[in-house]
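What follows is a single structure, written as structure tokens, with notes after it.
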Amino acid sequence: MVIINTMRFPQESANKVGKRFLEIALPPDFMSMKGPYIKGTEEGIRAIEIFDLDETKLALGLDYVTQRCVTYFGIPGFTYEINVYFEAQESLKLIGLA
């Protein structure tokens, strides 16, 4: 399963976001991270982080990703959205087909 964290902020806040990013602890051993991947948009900047982990560690993983986002609180225009995505086999188990 993966946790995908999408963050948005205005270009004017990029410097503050960058400074706080440098303060964040690395992910724990039970999860791997790809990104953040950064993209400029008409509305500002969008960043995506992808965290891969075992479903048994979901609660711990969500706590870690949420705490990453809390680091940015107070930065003007910063918003985030955290989503969990299951692999197809994991989803089949949830509906009793595997």
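How things are named: the first chain in the structure tokens is A, the next is B, and so on; residues count from 1 in each chain; ligands count from 1 in the order shown.
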Problem - Which of chain A fall in strand (DSSP E), as an MDAnalysis selection string - result: chainID A and resid 2:9 31:41 44:53 79:85
Handout entry: Neighbour list for range 44-58 of chain A as an MDAnalysis selection string, cut-off 10 Å, only C-alpha atoms, skip fewer than 6 positions in-chain
Key = chainID A and resid 1:14 27 29:38 64:65 77:86 90
Only C-alpha atoms, please: the residues just picked out, written as a tab-separated table (two decimals), in the first residue's frame.
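Saved to out-v8.tsv:
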chain	number	residue	atom	x	y	z
A	1	MET	CA	0.00	0.00	0.00
A	2	VAL	CA	1.04	3.58	-0.44
A	3	ILE	CA	0.28	6.86	1.25
A	4	ILE	CA	0.27	9.78	-1.16
A	5	ASN	CA	0.65	13.23	0.33
A	6	THR	CA	-0.16	16.19	-1.91
A	7	MET	CA	0.88	19.67	-0.76
A	8	ARG	CA	0.10	23.04	-2.29
A	9	PHE	CA	1.44	26.49	-1.51
A	10	PRO	CA	1.90	29.84	-3.25
A	11	GLN	CA	5.22	30.67	-4.85
A	12	GLU	CA	5.73	33.39	-2.26
A	13	SER	CA	5.89	30.71	0.46
A	14	ALA	CA	8.44	28.49	-1.33
A	27	PRO	CA	10.99	8.30	7.24
A	29	ASP	CA	12.66	2.10	8.58
A	30	PHE	CA	9.28	0.47	7.95
A	31	MET	CA	8.44	2.80	5.05
A	32	SER	CA	10.19	4.10	1.96
A	33	MET	CA	9.64	7.50	0.41
A	34	LYS	CA	9.74	8.76	-3.16
A	35	GLY	CA	9.82	12.47	-3.72
A	36	PRO	CA	8.89	15.04	-3.02
A	37	TYR	CA	8.20	15.76	-6.66
A	38	ILE	CA	7.60	19.45	-7.33
A	64	TYR	CA	4.50	10.13	10.38
A	65	VAL	CA	3.07	11.72	7.21
A	77	GLY	CA	-1.37	29.35	1.76
A	78	PHE	CA	-0.04	25.90	2.67
A	79	THR	CA	-2.55	23.07	2.25
A	80	TYR	CA	-2.19	19.31	2.13
A	81	GLU	CA	-4.16	16.14	1.43
A	82	ILE	CA	-3.18	12.65	2.60
A	83	ASN	CA	-4.61	9.60	0.80
A	84	VAL	CA	-4.13	5.86	1.24
A	85	TYR	CA	-4.09	3.62	-1.83
A	86	PHE	CA	-4.24	-0.17	-1.67
A	90	GLU	CA	-4.98	-5.88	-0.89
Problem - Which residue of A:Val17, A:Leu92, A:Leu26, A:Ala59 approaches Gly74 in chain A most closely, using only C-alpha atoms - result: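 Checking each candidate against Gly74 in chain A, we get A:Val17 as the closest.
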Handout entry: range 10-88 of chain A: residues DSSP assigns to helix (DSSP H, G or I), reported as a count of residues only
Key = 28
Practice task
Do a neighbour search on Ala25 in chain A at 10 Å with only C-alpha atoms, toss out local chain neighbours closer than 3 positions, and write the hits as number ranges by chain.
Solution key: A: 21-22, 28, 64, 67-68
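For the choices A:Thr41, A:Ile24, A:Gln89, A:Gly96, the atom-to-atom distance to Thr66 in chain A is smallest for A:Ile24 when using only C-alpha atoms.
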Exercise for the section: Quick one: pull the distance between CA of Asp63 in chain A and CA of Asn15 in chain A, Å, one decimal. Expected result: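 It comes out at 25.3 Å.
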Practice task
Quick one: pull the distance between CA of Gly61 in chain A and CA of Ala98 in chain A, Å, one decimal.
Solution key: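 Separation between CA of Gly61 in chain A and CA of Ala98 in chain A: 24.5 Å.
Atom pair CA of Leu62 in chain A / CA of Ile95 in chain A: separated by 22.6 Å.
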